[in-house]
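A.B. asks: So that we are looking at the same thing, I have put the structure below in structure tokens.
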Amino acid sequence: AALRGDLLVSLGNILNIGRPAEKLQALQMGVTEDRLGEKEQAALALQALDIGLHTASADTSARAALRTIRVLAVNTLRARRWQQASPLLIEHLDQTIAEHDRGLIEKGSLLSAIGALGSMGTHEAAVRLTQYLVLLNSYMESGKGYDEQVMGALIESLGQLEDKVAFDDLVYTQYLGYSSSIRTAARAALDRLRW
């Protein structure tokens with residue numbers, strides 16, 4: 001922070017060439033530093049998310065740092081509703097679902113990934129979340145059950161997006177064996193869809 005010059009460039013350089021722990025520190029400094037505006041913070045978070053998704057490491061602590069980078073970047077992009085991040089947020093959701101299914105991450109990271117896509121306001125985000133709803137509905141059909149929090153976050157995000165691509169699958173959700181709160185949430189999401 002004491003360096004002269006463009007802080008965004010300096011932090012971006014650390015993200016590019018630093019070790020995972022240094023990358024995480026650079027991102028933490030960038031998204032909390034008063035010297036960067038919201039657009040600069042979002043740009044740094046977008047760069048960090050890209051790096052977090054596409055950096056491989058055999059080291060367990062480095063992989064954990066890269067996951068933390070992704071979560072912090074996603075939360076920053078969500079808060080700023082940075083629509084340009086939609087493609088990377090979709091990729092992040094895919095990776096997060098896989099990691100959650102393998103028990104590598106907490107459910108909170110999955111909820112964060114779902115919520116971030118819901119805040120983007122893009123059709124692509126709605127399509128991907130609808131695909132996830134189709135998958136969860138198929139699990140429910142086959143008797144695998146569901147997680148109330150994940151399903152609730154997914155339906156809330158689809159309602160927030162207000163995209164009619166989710167219409168049929170939200171309707172179908174009401175006919176499966178979900179709890180009354182999930183069925184009510186699906187109805188409320190349907191009421192918000194654009195026509």
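Ligands are numbered from 1 in the order shown, residues from 1 within each chain, and chains are lettered A, B, ... in the order they appear in the structure tokens.
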Residues at most 9 Å from Arg67 of chain A, counting only C-alpha atoms, excluding those fewer than 5 positions away in the same chain, as a list in words?

C.D. replies: Gly52, Leu53, Ala62, Leu72 and Ile105 of chain A

A.B. asks: Could you give me, as number ranges by chain, the residues within 9 Å of Ala48 of chain A, counting only C-alpha atoms and dropping anything in the same chain fewer than 5 positions from it?

C.D. replies: A: 12, 15-16, 23-24, 27, 43, 53, 69-70, 72-73

A.B. asks: Can I get the selected residues back with N, CA and C atoms, as a PDB file, in the first residue's frame?

C.D. replies:
```
ATOM      1  N   GLY A  12      -2.382  -6.441  -9.343  1.00  0.00           N
ATOM      2  CA  GLY A  12      -2.587  -7.348 -10.473  1.00  0.00           C
ATOM      3  C   GLY A  12      -1.330  -8.136 -10.809  1.00  0.00           C
ATOM      4  N   LEU A  15      -1.023 -10.880  -8.327  1.00  0.00           N
ATOM      5  CA  LEU A  15      -1.952 -11.961  -8.679  1.00  0.00           C
ATOM      6  C   LEU A  15      -1.390 -12.827  -9.804  1.00  0.00           C
ATOM      7  N   ASN A  16      -0.719 -12.202 -10.743  1.00  0.00           N
ATOM      8  CA  ASN A  16      -0.183 -12.935 -11.891  1.00  0.00           C
ATOM      9  C   ASN A  16       1.028 -13.796 -11.551  1.00  0.00           C
ATOM     10  N   LYS A  23      -1.085 -14.190  -3.625  1.00  0.00           N
ATOM     11  CA  LYS A  23      -2.226 -13.797  -4.456  1.00  0.00           C
ATOM     12  C   LYS A  23      -3.415 -13.457  -3.558  1.00  0.00           C
ATOM     13  N   LEU A  24      -3.647 -14.307  -2.565  1.00  0.00           N
ATOM     14  CA  LEU A  24      -4.759 -14.078  -1.642  1.00  0.00           C
ATOM     15  C   LEU A  24      -4.576 -12.771  -0.881  1.00  0.00           C
ATOM     16  N   LEU A  27      -5.330  -9.820  -3.176  1.00  0.00           N
ATOM     17  CA  LEU A  27      -6.769  -9.638  -3.379  1.00  0.00           C
ATOM     18  C   LEU A  27      -7.425  -9.055  -2.127  1.00  0.00           C
ATOM     19  N   ALA A  43     -12.630  -5.208 -11.038  1.00  0.00           N
ATOM     20  CA  ALA A  43     -11.670  -5.660 -12.057  1.00  0.00           C
ATOM     21  C   ALA A  43     -10.615  -6.565 -11.431  1.00  0.00           C
ATOM     22  N   LEU A  53      -9.505 -19.987 -10.760  1.00  0.00           N
ATOM     23  CA  LEU A  53     -10.100 -21.087 -11.517  1.00  0.00           C
ATOM     24  C   LEU A  53      -9.096 -21.835 -12.380  1.00  0.00           C
ATOM     25  N   ILE A  69      -9.369 -17.574  -2.587  1.00  0.00           N
ATOM     26  CA  ILE A  69      -9.319 -16.471  -3.559  1.00  0.00           C
ATOM     27  C   ILE A  69     -10.615 -16.431  -4.361  1.00  0.00           C
ATOM     28  N   ARG A  70     -11.044 -17.596  -4.829  1.00  0.00           N
ATOM     29  CA  ARG A  70     -12.274 -17.653  -5.629  1.00  0.00           C
ATOM     30  C   ARG A  70     -13.468 -17.151  -4.833  1.00  0.00           C
ATOM     31  N   LEU A  72     -13.568 -15.148  -2.169  1.00  0.00           N
ATOM     32  CA  LEU A  72     -13.479 -13.703  -1.923  1.00  0.00           C
ATOM     33  C   LEU A  72     -13.767 -12.918  -3.199  1.00  0.00           C
ATOM     34  N   ALA A  73     -13.242 -13.382  -4.314  1.00  0.00           N
ATOM     35  CA  ALA A  73     -13.492 -12.708  -5.597  1.00  0.00           C
ATOM     36  C   ALA A  73     -14.978 -12.747  -5.939  1.00  0.00           C
TER      37      ALA A  73
END
```

A.B. asks: What is the distance between atom CA of Glu124 of chain A and atom CA of Ser86 of chain A, in Å to one decimal?

C.D. replies: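 One can read the atom CA of Glu124 of chain A to atom CA of Ser86 of chain A distance as 7.2 Å.
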
A.B. asks: DSSP on the backbone, then: every residue of chain A marked helix (DSSP H, G or I), written as a VMD selection string.

C.D. replies: chain A and resid 7 to 17 20 to 32 38 to 54 60 to 80 83 to 101 107 to 118 123 to 141 148 to 161 164 to 173 180 to 192

A.B. asks: Using only C-alpha atoms, find the one residue out of A:Ile51, A:Val171, A:Glu38, A:Ser157 that sits nearest to Gly18 of chain A.

C.D. replies: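 The answer is A:Ile51, which sits nearest to Gly18 of chain A.
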
A.B. asks: Pick from A:Leu66, A:Met29, A:Leu88, A:Val127: nearest to Leu46 of chain A, with only C-alpha atoms counted?

C.D. replies: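 Closest candidate: A:Leu88.
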
A.B. asks: Which residue gives the smallest distance to Gly159 of chain A among A:Gly37, A:Pro87, A:Gly115, A:Gly108, with only C-alpha atoms counted?

C.D. replies: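 Under the stated criterion, the closest residue is A:Gly115.
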
A.B. asks: Could you check the closest approach to Ala126 of chain A for each of A:Asp101, A:Met151, A:Ser138, A:Phe167 and tell me which residue wins, using only C-alpha atoms?

C.D. replies: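 Comparing A:Asp101, A:Met151, A:Ser138, A:Phe167 against Ala126 of chain A, the winner is A:Phe167.
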
A.B. asks: Find the spatial neighbours of segment 80-82 of chain A, counting only C-alpha atoms, within a cut-off of 7 Å - ignore same-chain residues fewer than 6 positions away - and output them as a list in words.

C.D. replies: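 Skipping anything fewer than 6 positions along the chain leaves Ala42, Ser119 and Met120 of chain A.
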
A.B. asks: What does the structure give for the distance between atom CA of Ala166 of chain A and atom CA of Ile182 of chain A, in Å to one decimal?

C.D. replies: 15.2 Å

A.B. asks: Quick one: of A:Leu136, A:Gln41, A:His100, A:Gln47, who's nearest to Ala79 of chain A, counting only C-alpha atoms?

C.D. replies: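 Smallest distance to Ala79 of chain A is found for A:Gln41.
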
A.B. asks: For Ala116 of chain A, which residue among A:Glu99, A:Asp163, A:Asp147, A:Glu156 is the nearest when counting only C-alpha atoms?

C.D. replies: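 When distances to Ala116 of chain A are compared using only C-alpha atoms, the smallest one comes from A:Glu156.
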
A.B. asks: Could you give me, as a list in words, the residues within 12 Å of Leu176 of chain A, counting only C-alpha atoms and dropping anything in the same chain fewer than 4 positions from it?

C.D. replies: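 The filter keeps Val134, Leu136, Asn137, Ser138, Tyr139, Met140, Glu141, Ser142, Gly143, Gly145, Tyr146, Asp169, Leu170, Val171, Tyr172, Ser180, Ile182, Arg183 and Ala186 of chain A.
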
A.B. asks: Output N, CA, C and O atoms of each residue in that selection to a file, as a compact mmCIF listing (two decimals), in the first residue's frame.

C.D. replies:
```
# COMPACT_ATOMS: atom_id res chain seq x y z
N VAL A 134 -32.80 -28.24 -12.75
CA VAL A 134 -33.19 -29.48 -13.44
C VAL A 134 -32.48 -30.67 -12.79
O VAL A 134 -33.09 -31.71 -12.52
N LEU A 136 -31.21 -30.88 -9.68
CA LEU A 136 -31.71 -31.12 -8.32
C LEU A 136 -33.12 -31.72 -8.35
O LEU A 136 -33.45 -32.58 -7.53
N ASN A 137 -33.94 -31.28 -9.31
CA ASN A 137 -35.27 -31.87 -9.44
C ASN A 137 -35.17 -33.36 -9.82
O ASN A 137 -35.95 -34.18 -9.34
N SER A 138 -34.19 -33.70 -10.66
CA SER A 138 -34.02 -35.10 -11.04
C SER A 138 -33.58 -35.93 -9.83
O SER A 138 -33.99 -37.09 -9.68
N TYR A 139 -32.75 -35.34 -8.96
CA TYR A 139 -32.38 -36.04 -7.72
C TYR A 139 -33.62 -36.28 -6.86
O TYR A 139 -33.78 -37.36 -6.28
N MET A 140 -34.47 -35.27 -6.78
CA MET A 140 -35.68 -35.40 -5.97
C MET A 140 -36.59 -36.49 -6.55
O MET A 140 -37.14 -37.29 -5.80
N GLU A 141 -36.71 -36.52 -7.86
CA GLU A 141 -37.54 -37.54 -8.53
C GLU A 141 -37.05 -38.95 -8.22
O GLU A 141 -37.86 -39.87 -8.06
N SER A 142 -35.75 -39.12 -8.17
CA SER A 142 -35.18 -40.46 -7.97
C SER A 142 -35.01 -40.81 -6.50
O SER A 142 -34.42 -41.84 -6.18
N GLY A 143 -35.52 -39.95 -5.62
CA GLY A 143 -35.51 -40.25 -4.19
C GLY A 143 -34.21 -39.96 -3.48
O GLY A 143 -34.00 -40.40 -2.35
N GLY A 145 -33.31 -37.06 -2.38
CA GLY A 145 -33.49 -35.98 -1.41
C GLY A 145 -32.86 -34.68 -1.89
O GLY A 145 -32.42 -34.57 -3.03
N TYR A 146 -32.82 -33.71 -0.98
CA TYR A 146 -32.30 -32.39 -1.34
C TYR A 146 -31.85 -31.66 -0.09
O TYR A 146 -32.19 -32.04 1.03
N ASP A 169 -39.35 -25.23 -15.19
CA ASP A 169 -38.72 -26.00 -14.12
C ASP A 169 -39.13 -25.53 -12.74
O ASP A 169 -39.20 -26.32 -11.80
N LEU A 170 -39.43 -24.24 -12.61
CA LEU A 170 -39.98 -23.75 -11.33
C LEU A 170 -41.40 -24.28 -11.12
O LEU A 170 -41.78 -24.62 -10.01
N VAL A 171 -42.16 -24.35 -12.20
CA VAL A 171 -43.51 -24.93 -12.10
C VAL A 171 -43.39 -26.38 -11.65
O VAL A 171 -44.09 -26.83 -10.72
N TYR A 172 -42.50 -27.12 -12.29
CA TYR A 172 -42.34 -28.54 -11.97
C TYR A 172 -41.91 -28.75 -10.51
O TYR A 172 -42.34 -29.71 -9.86
N SER A 180 -43.07 -27.38 2.04
CA SER A 180 -44.00 -26.30 1.68
C SER A 180 -43.27 -24.98 1.50
O SER A 180 -43.63 -24.17 0.65
N ILE A 182 -40.25 -24.56 0.26
CA ILE A 182 -39.61 -24.58 -1.07
C ILE A 182 -40.66 -24.38 -2.15
O ILE A 182 -40.46 -23.60 -3.10
N ARG A 183 -41.80 -25.03 -2.02
CA ARG A 183 -42.85 -24.87 -3.03
C ARG A 183 -43.37 -23.42 -3.04
O ARG A 183 -43.64 -22.85 -4.10
N ALA A 186 -40.83 -21.29 -4.78
CA ALA A 186 -40.91 -21.49 -6.23
C ALA A 186 -42.05 -20.68 -6.82
O ALA A 186 -41.91 -20.06 -7.88
```

A.B. asks: What is the atom CA of Ile114 of chain A-atom CA of Glu91 of chain A distance in Å, reported with one decimal?

C.D. replies: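 Atom CA of Glu91 of chain A lies at a distance of 11.5 Å from atom CA of Ile114 of chain A.
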